[in-house]
Structure formats: C-alpha cells, structure tokens
Amino acid sequence: MIPVGLSTAAVWPQPAGAAFRAAADLGYDGVEVMVWADPVSQDVGAVRRLSGATGVPVLAVHAPCLLISQRVWSPDPAERLRRSVRAAQDLGARTVVVHPPFVWQRRYADGFADLVAELEDGSGVAVAVENMFPVRRPLGRGRSVQVTAFRPSTDPTDVGHRNYTLDVSHASAAHVDTMELAKRMGDGLSHVHLADGTGLPKDEHLIPGRGSEPCAELCGWLVRSGFSGQVVLEVNTRKARTAAERRELLAESLLFARLHL
C-alpha cells in the first residue's frame, strides 16, 4: 500500500505536535515535517520525541525554503538543504522536499542540481524537487503581470533531477496539467503533495475533491503505475473554527486518499 502522510503545515497555525497527535488519532501512516517558524519543527530532538510518543514515523522533511523561513537554520540555502538531509537521516525519513531556487539566489541556483545529486549520493535520502507556480506582480491601476520567482522555472523537469515532488495545488495555480506533469516526472516521481485547487493564481491547498483538479484520477494512476513513493496531505485548514472542525477536515482528506489509493 502507498503510505499516506500528513504535513505539519496542514494544522497551521497549530504547532507540529498537533499534526503528530492528529495523525495518530486518525490513522495516518506518518508525518511530513515542514521546517519553518515553529520552533519544534527546527528541533530534530523534539521531533524525534514527538514521533516516539505518538508512534507516528517521520516520512519526509520539508526543507525551510519558503520566503518566511529564509533564515531558519542558516541564511545560506545550500546549508539549509544539507541540514534538512541530515535531519531526515536522524529521523529515519527517506525523503527531503525542496523548492527550486529563487531567482535572486544565483550562486545557489548555479550549483543546485549538483548539490542535490551530491546529497542524494552521500545520504541515501531522496531530495525530491517540487513544482511551483508563478506569482502576479502588480503594475498599478488594477493591472498585474505573471512572473516566476524561481530559477530556471517553476517546473523542476526543465532541469532534470533524480527525484520529484508533485504538488497538485501548485499545478492548479500554475495552470499546469497535473496528469501530464506526473507522467513527465515519470520514474522520478517519488513524493506527492495531495490537495485540490480551482485554478486561481494562488496556493489554495483545498481538501481533495473540493476543487477541480483530477485528484482521484491521479491517485488511481499512481496505483496502476506502481508508484513506490509517499502521498502526503498538505491541505489548508487554517479557517477551521475549532479543533474538532480541523480534525474533520483532516479525516475527510485521509478518507479521500485511502478510497482512491
């Protein structure tokens, strides 16, 4: 069976511990730790204790590469990626998720592909590069232009890596055909962020089945194609008014994944 995990980002603004407890209560197979402002997410020892206390393994570590986490662990993006791989090794996680470099990270971008390959060769951890989406830059008077913040593009297959993360919500925001992207990633597809979108130019991360993305079709294709990676629910529950409401959204997400995988 394909392991189904829960991203700690799915319980934001709650801390990582809430994701481990929800995963244990609802029957997820593990957790992906998003390393960001949450102090617990930055503390490998604290994460290990959470995993032990709840019995929920760490499936993946998401490197701190969001705009809000540019100084987490180090101001050097290459060092942040190296520390993410070491954290994955320490936690027994087989995957590190990382975004392509930002356009202003020129030195990092120039050596990114080689760094990813070097870290994979030396660690046995899959460094799965994630597809992203363009952003809209305002021009004034209600006008805007779509630009990429990533180098060389939002599509990691433009470079070519050993391992990829397919984020369905990002594909929706980029107006990219999710199924075509999955097939283009091919055998390199080792990790999936399952969430829905409606095609709006923003990162929606809707509960699967609540948008217009082919989430069920993708799950079926993963099974038929012999996918041997992990599927992680990276959904947005921040509008949940109570803990019980958040649990219902996470339970619905897991049910969708189990049903179609």
# chains A, B, ... in the order shown; residues from 1 in each chain; ligands from 1
>>> select_by_dssp(residues="segment 26-213 of chain A", states="helix (DSSP H, G or I)", output="mmCIF file with C-alpha atoms, in the first residue's frame")
data_model
loop_
_atom_site.group_PDB
_atom_site.id
_atom_site.type_symbol
_atom_site.label_atom_id
_atom_site.label_comp_id
_atom_site.auth_asym_id
_atom_site.auth_seq_id
_atom_site.Cartn_x
_atom_site.Cartn_y
_atom_site.Cartn_z
ATOM 1 C CA LEU A 26 -6.909 9.477 12.593
ATOM 2 C CA PRO A 39 10.461 26.149 16.975
ATOM 3 C CA VAL A 40 9.564 22.462 17.350
ATOM 4 C CA SER A 41 9.930 21.909 13.594
ATOM 5 C CA GLN A 42 13.501 23.215 13.819
ATOM 6 C CA VAL A 44 15.291 17.431 15.492
ATOM 7 C CA GLY A 45 15.376 16.082 19.044
ATOM 8 C CA ALA A 46 11.909 17.471 19.805
ATOM 9 C CA VAL A 47 10.532 15.985 16.587
ATOM 10 C CA ARG A 48 12.077 12.618 17.436
ATOM 11 C CA ARG A 49 10.413 12.697 20.858
ATOM 12 C CA LEU A 50 7.051 13.567 19.296
ATOM 13 C CA SER A 51 7.398 10.688 16.875
ATOM 14 C CA GLY A 52 8.263 8.288 19.692
ATOM 15 C CA ALA A 53 5.480 9.478 21.976
ATOM 16 C CA THR A 54 2.776 9.192 19.323
ATOM 17 C CA LEU A 67 10.028 33.204 1.998
ATOM 18 C CA ILE A 68 9.153 33.236 5.703
ATOM 19 C CA SER A 69 11.876 30.693 6.554
ATOM 20 C CA PRO A 77 20.117 27.992 1.292
ATOM 21 C CA ALA A 78 22.677 25.288 0.490
ATOM 22 C CA GLU A 79 23.375 24.797 4.196
ATOM 23 C CA ARG A 80 19.631 24.684 4.938
ATOM 24 C CA LEU A 81 19.293 21.874 2.422
ATOM 25 C CA ARG A 82 22.265 19.996 3.865
ATOM 26 C CA ARG A 83 20.784 20.284 7.374
ATOM 27 C CA SER A 84 17.436 19.046 6.063
ATOM 28 C CA VAL A 85 19.106 15.929 4.687
ATOM 29 C CA ARG A 86 20.914 15.349 7.995
ATOM 30 C CA ALA A 87 17.605 15.800 9.834
ATOM 31 C CA ALA A 88 15.943 13.242 7.540
ATOM 32 C CA GLN A 89 18.751 10.774 8.271
ATOM 33 C CA ASP A 90 18.467 11.354 12.030
ATOM 34 C CA LEU A 91 14.676 10.914 11.924
ATOM 35 C CA ARG A 106 22.186 32.972 -8.184
ATOM 36 C CA ARG A 107 25.087 31.061 -6.667
ATOM 37 C CA TYR A 108 22.750 28.507 -5.098
ATOM 38 C CA ALA A 109 20.865 28.128 -8.385
ATOM 39 C CA ASP A 110 24.062 27.623 -10.382
ATOM 40 C CA GLY A 111 25.097 24.673 -8.231
ATOM 41 C CA PHE A 112 21.657 23.407 -7.217
ATOM 42 C CA ALA A 113 21.408 20.323 -9.435
ATOM 43 C CA ASP A 114 24.914 19.190 -8.497
ATOM 44 C CA LEU A 115 24.236 19.803 -4.786
ATOM 45 C CA VAL A 116 21.030 17.762 -4.904
ATOM 46 C CA ALA A 117 22.792 14.868 -6.637
ATOM 47 C CA GLU A 118 25.728 15.035 -4.211
ATOM 48 C CA LEU A 119 23.452 14.943 -1.161
ATOM 49 C CA GLU A 120 21.473 12.015 -2.533
ATOM 50 C CA ASP A 121 24.635 10.059 -3.330
ATOM 51 C CA GLY A 122 26.069 10.662 0.122
ATOM 52 C CA SER A 123 22.977 10.088 2.233
ATOM 53 C CA PRO A 156 11.800 21.070 -11.993
ATOM 54 C CA THR A 157 11.651 18.750 -15.006
ATOM 55 C CA ASP A 158 13.110 21.631 -17.036
ATOM 56 C CA VAL A 168 -1.280 19.253 -7.076
ATOM 57 C CA SER A 169 -2.276 22.634 -5.637
ATOM 58 C CA HIS A 170 0.813 24.248 -7.178
ATOM 59 C CA ALA A 171 -0.016 22.682 -10.553
ATOM 60 C CA SER A 172 -3.500 24.173 -10.300
ATOM 61 C CA ALA A 173 -2.162 27.655 -9.509
ATOM 62 C CA THR A 178 -1.403 17.690 -13.343
ATOM 63 C CA MET A 179 -1.583 14.337 -15.100
ATOM 64 C CA GLU A 180 0.803 15.420 -17.844
ATOM 65 C CA LEU A 181 3.254 16.720 -15.237
ATOM 66 C CA ALA A 182 3.070 13.446 -13.308
ATOM 67 C CA LYS A 183 3.818 11.494 -16.469
ATOM 68 C CA ARG A 184 6.665 13.856 -17.357
ATOM 69 C CA MET A 185 8.194 13.262 -13.933
ATOM 70 C CA GLY A 186 7.949 9.556 -14.712
ATOM 71 C CA ASP A 187 10.014 7.204 -12.577
ATOM 72 C CA GLY A 188 11.453 10.250 -10.792
#
>>> residues_around(residues="Pro152 of chain A", least_positions_apart="6", cutoff="9 Å", atoms="only C-alpha atoms", output="ChimeraX atom specification")
/A:100-103,109,158-159
>>> write_last_selection(atoms="N, CA and C atoms", output="compact mmCIF listing (two decimals), in the first residue's frame")
# COMPACT_ATOMS: atom_id res chain seq x y z
N PRO A 100 12.62 24.66 -5.97
CA PRO A 100 13.71 25.18 -6.81
C PRO A 100 14.23 26.50 -6.24
N PRO A 101 15.43 26.91 -6.57
CA PRO A 101 15.99 28.16 -6.05
C PRO A 101 15.18 29.38 -6.51
N PHE A 102 15.16 30.41 -5.67
CA PHE A 102 14.60 31.69 -6.08
C PHE A 102 15.54 32.34 -7.10
N VAL A 103 15.00 33.23 -7.91
CA VAL A 103 15.80 33.84 -8.98
C VAL A 103 16.96 34.67 -8.42
N ALA A 109 21.51 28.66 -7.18
CA ALA A 109 20.87 28.13 -8.38
C ALA A 109 21.88 27.50 -9.32
N ASP A 158 12.34 20.84 -16.06
CA ASP A 158 13.11 21.63 -17.04
C ASP A 158 14.61 21.44 -16.82
N VAL A 159 14.99 21.13 -15.59
CA VAL A 159 16.40 20.88 -15.27
C VAL A 159 16.70 19.40 -15.37
>>> residues_around(residues="segment 231-238 of chain A", least_positions_apart="4", cutoff="8 Å", atoms="only C-alpha atoms", output="PyMOL selection string")
chain A and resi 2-13+31-32+191-195+204-207+246+249+253-254
>>> select_by_dssp(residues="segment 167-252 of chain A", states="strand (DSSP E or B)", output="number ranges by chain")
A: 167, 189-194, 196, 206, 230-233
>>> write_last_selection(atoms="N, CA, C and O atoms", output="PDB file, in the first residue's frame")
ATOM      1  N   ASP A 167       3.207  18.593  -6.491  1.00  0.00           N
ATOM      2  CA  ASP A 167       2.241  19.304  -5.655  1.00  0.00           C
ATOM      3  C   ASP A 167       1.046  19.673  -6.522  1.00  0.00           C
ATOM      4  O   ASP A 167       1.166  20.486  -7.445  1.00  0.00           O
ATOM      5  N   LEU A 189       9.149  10.518 -10.063  1.00  0.00           N
ATOM      6  CA  LEU A 189       8.112  10.955  -9.132  1.00  0.00           C
ATOM      7  C   LEU A 189       8.169  10.083  -7.889  1.00  0.00           C
ATOM      8  O   LEU A 189       7.823   8.900  -7.926  1.00  0.00           O
ATOM      9  N   SER A 190       8.613  10.652  -6.783  1.00  0.00           N
ATOM     10  CA  SER A 190       8.790   9.865  -5.568  1.00  0.00           C
ATOM     11  C   SER A 190       7.978  10.387  -4.390  1.00  0.00           C
ATOM     12  O   SER A 190       7.952   9.748  -3.330  1.00  0.00           O
ATOM     13  N   HIS A 191       7.291  11.523  -4.563  1.00  0.00           N
ATOM     14  CA  HIS A 191       6.576  12.128  -3.447  1.00  0.00           C
ATOM     15  C   HIS A 191       5.444  12.976  -4.024  1.00  0.00           C
ATOM     16  O   HIS A 191       5.636  13.658  -5.040  1.00  0.00           O
ATOM     17  N   VAL A 192       4.274  12.933  -3.387  1.00  0.00           N
ATOM     18  CA  VAL A 192       3.118  13.699  -3.857  1.00  0.00           C
ATOM     19  C   VAL A 192       2.527  14.495  -2.710  1.00  0.00           C
ATOM     20  O   VAL A 192       2.295  13.946  -1.618  1.00  0.00           O
ATOM     21  N   HIS A 193       2.303  15.784  -2.949  1.00  0.00           N
ATOM     22  CA  HIS A 193       1.509  16.609  -2.044  1.00  0.00           C
ATOM     23  C   HIS A 193       0.092  16.636  -2.605  1.00  0.00           C
ATOM     24  O   HIS A 193      -0.171  17.276  -3.625  1.00  0.00           O
ATOM     25  N   LEU A 194      -0.807  15.928  -1.931  1.00  0.00           N
ATOM     26  CA  LEU A 194      -2.177  15.813  -2.409  1.00  0.00           C
ATOM     27  C   LEU A 194      -3.040  16.904  -1.777  1.00  0.00           C
ATOM     28  O   LEU A 194      -3.185  16.969  -0.551  1.00  0.00           O
ATOM     29  N   ASP A 196      -6.261  20.004  -3.378  1.00  0.00           N
ATOM     30  CA  ASP A 196      -7.008  20.412  -4.560  1.00  0.00           C
ATOM     31  C   ASP A 196      -6.827  21.902  -4.834  1.00  0.00           C
ATOM     32  O   ASP A 196      -6.243  22.635  -4.026  1.00  0.00           O
ATOM     33  N   LEU A 206      -6.710  23.044  -1.147  1.00  0.00           N
ATOM     34  CA  LEU A 206      -8.046  22.645  -0.720  1.00  0.00           C
ATOM     35  C   LEU A 206      -8.073  21.160  -0.360  1.00  0.00           C
ATOM     36  O   LEU A 206      -7.221  20.380  -0.784  1.00  0.00           O
ATOM     37  N   GLN A 230       5.536   8.198  -1.540  1.00  0.00           N
ATOM     38  CA  GLN A 230       4.627   8.550  -0.464  1.00  0.00           C
ATOM     39  C   GLN A 230       3.660   9.625  -0.938  1.00  0.00           C
ATOM     40  O   GLN A 230       4.016  10.480  -1.751  1.00  0.00           O
ATOM     41  N   VAL A 231       2.447   9.604  -0.407  1.00  0.00           N
ATOM     42  CA  VAL A 231       1.454  10.649  -0.650  1.00  0.00           C
ATOM     43  C   VAL A 231       1.215  11.370   0.671  1.00  0.00           C
ATOM     44  O   VAL A 231       0.925  10.732   1.689  1.00  0.00           O
ATOM     45  N   VAL A 232       1.368  12.681   0.653  1.00  0.00           N
ATOM     46  CA  VAL A 232       1.197  13.481   1.870  1.00  0.00           C
ATOM     47  C   VAL A 232       0.083  14.499   1.652  1.00  0.00           C
ATOM     48  O   VAL A 232       0.065  15.203   0.639  1.00  0.00           O
ATOM     49  N   LEU A 233      -0.838  14.553   2.597  1.00  0.00           N
ATOM     50  CA  LEU A 233      -1.907  15.542   2.562  1.00  0.00           C
ATOM     51  C   LEU A 233      -1.361  16.865   3.084  1.00  0.00           C
ATOM     52  O   LEU A 233      -1.040  16.986   4.273  1.00  0.00           O
TER      53      LEU A 233
END
>>> atom_distance(atom1="atom CA of Thr154 of chain A", atom2="atom CA of Arg210 of chain A")
24.4 Å
